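Worksheet: one structure, shown below.
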Amino acid sequence: SGRPGEMGVKLLYIDLGPEKVISLKTGWYHACAIFESLRVKCWGANQKGELGLGDTSHRGGSPGQMGKSLKFSDLGVQKIRSLAIGGNQSCALFVTGRVKCWGSNQNGQLGLGDISNRGNTAGHMGKNLAFLELGPEKATSLSLGYYFSCATFESGRVKCWGTGSYGKLGYGNTVTKGDQAGEMGKTLKFIDLGPDKLISAF
């Protein structure tokens, strides 16, 4: 809240339970942590299911919601490599190079061929949350923006999906991608960034 005397020893650690955190990502209104077991916990705003807990209840603003009470997001059995957090969506990159996304999907930013949110209702997560169809190449990193998402691949090339407003997807138009069937996978082209290989985008 910006008052004097709130930092330093007065600033408490966040209670996420006994397991050690190895990575932390923050978005506009929510945050997620990867633990040593390569499982994920998210807290904060949850209007669209971005915490991946099967409801739209916020976590962390009331007593008793954190620590052991904060459940792990069910992402299935594969191990997480990294996370990306957007305004009200979250994505996980698995060690296999595959991707799952959940939360707000009003502009197809989850890349699942529709505009239905995921993670806001029981039964959306785990084995029911589909992997994105991104083509045969493995993803190596993810970045989420305002209603759009991007992935970098082993070849150093990039694909983006979600709202195309202002040309933000980089395809030379303002078309939204990922909100209808048949727009992902091999159909979703790599962005033309020129002949040089991209070392890092995110």
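Here, A, B, ... name the chains of the structure tokens in the order displayed, residue numbers run from 1 inside each chain, and ligands are numbered from 1 in the same displayed order.
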
Env of A:Ser82: 9 Å cut, atoms = only C-alpha atoms, seq-sep filter 6 positions within chain, self excluded. Answer as a PyMOL selection string. chain A and resi 23+34+91-95+141-142

Shell of 10 Å around stretch 167-170 of chain A, only C-alpha atoms, local chain residues under 5 positions omitted, as a PyMOL selection string: chain A and resi 145-146+148-150+158-162+175-177+190-193

Å distance separating atom CA of A:Val21 from atom CA of A:Thr140, one decimal place: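 Computing the Euclidean distance for atom CA of A:Val21 and atom CA of A:Thr140 yields 21.2 Å.
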
Step one, run DSSP on the backbone; step two, keep only residues of stretch 96-138 of chain A assigned to strand (DSSP E); then write them as number ranges by chain. A: 99-103

Residue among A:Thr56, A:Thr163, A:Ser73, A:Gln78 lying closest to A:Leu144, counting only C-alpha atoms: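 Of A:Thr56, A:Thr163, A:Ser73, A:Gln78, the one nearest A:Leu144, counting only C-alpha atoms, is A:Thr163.
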
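One distance worth recording is that between atom CA of A:Trp28 and atom CA of A:Gly61, which is 15.4 Å.
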
Might you pull out every residue within 12 Å of A:Gly123, with only C-alpha atoms counted and same-chain residues fewer than 2 positions away left off, and present them as a list in words?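 Once the nearby chain positions are removed, what remains is Gly49, Gly52, Leu53, Gly54, Asp55, Asp74, Leu75, Arg118, Gly119, Asn120, Thr121, Met125, Gly126, Lys127, Asn128, Leu129 and Ala130 of chain A.
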
For a quick check of understanding, using only C-alpha atoms, which of A:Pro195, A:Gly172, A:Gly111, A:Gly44 has the smallest distance to A:Ser57? A:Gly44

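The coordinates place atom CA of A:Trp43 at 17.7 Å from atom CA of A:Ile80.
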
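Closest approach to A:Gly156 from the set A:Leu132, A:Gly182, A:Gly194, A:Thr26 is made by A:Gly194, with distances taken over only C-alpha atoms.
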
DSSP says helix (DSSP H, G or I) for which residues of stretch 8-197 of chain A? Put them as a ChimeraX atom specification? /A:8-10,67-69,126-128,165-167,185-187

Considering only C-alpha atoms, can you say which of A:His58, A:Tyr166, A:Leu112, A:Glu137 comes closest to A:Met184?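 Of A:His58, A:Tyr166, A:Leu112, A:Glu137, the one nearest A:Met184 is A:Leu112, counting only C-alpha atoms.
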
Which residues are close to A:Leu134, i.e. within 10 Å by only C-alpha atoms, leaving aside same-chain residues fewer than 4 positions away? Reply as a list in words. Arg98, Val99, Gly111, Lys138, Ala139, Ala151, Phe153, Lys159, Cys160, Glu183, Met184, Gly185, Lys186, Thr187, Leu188 and Lys189 of chain A
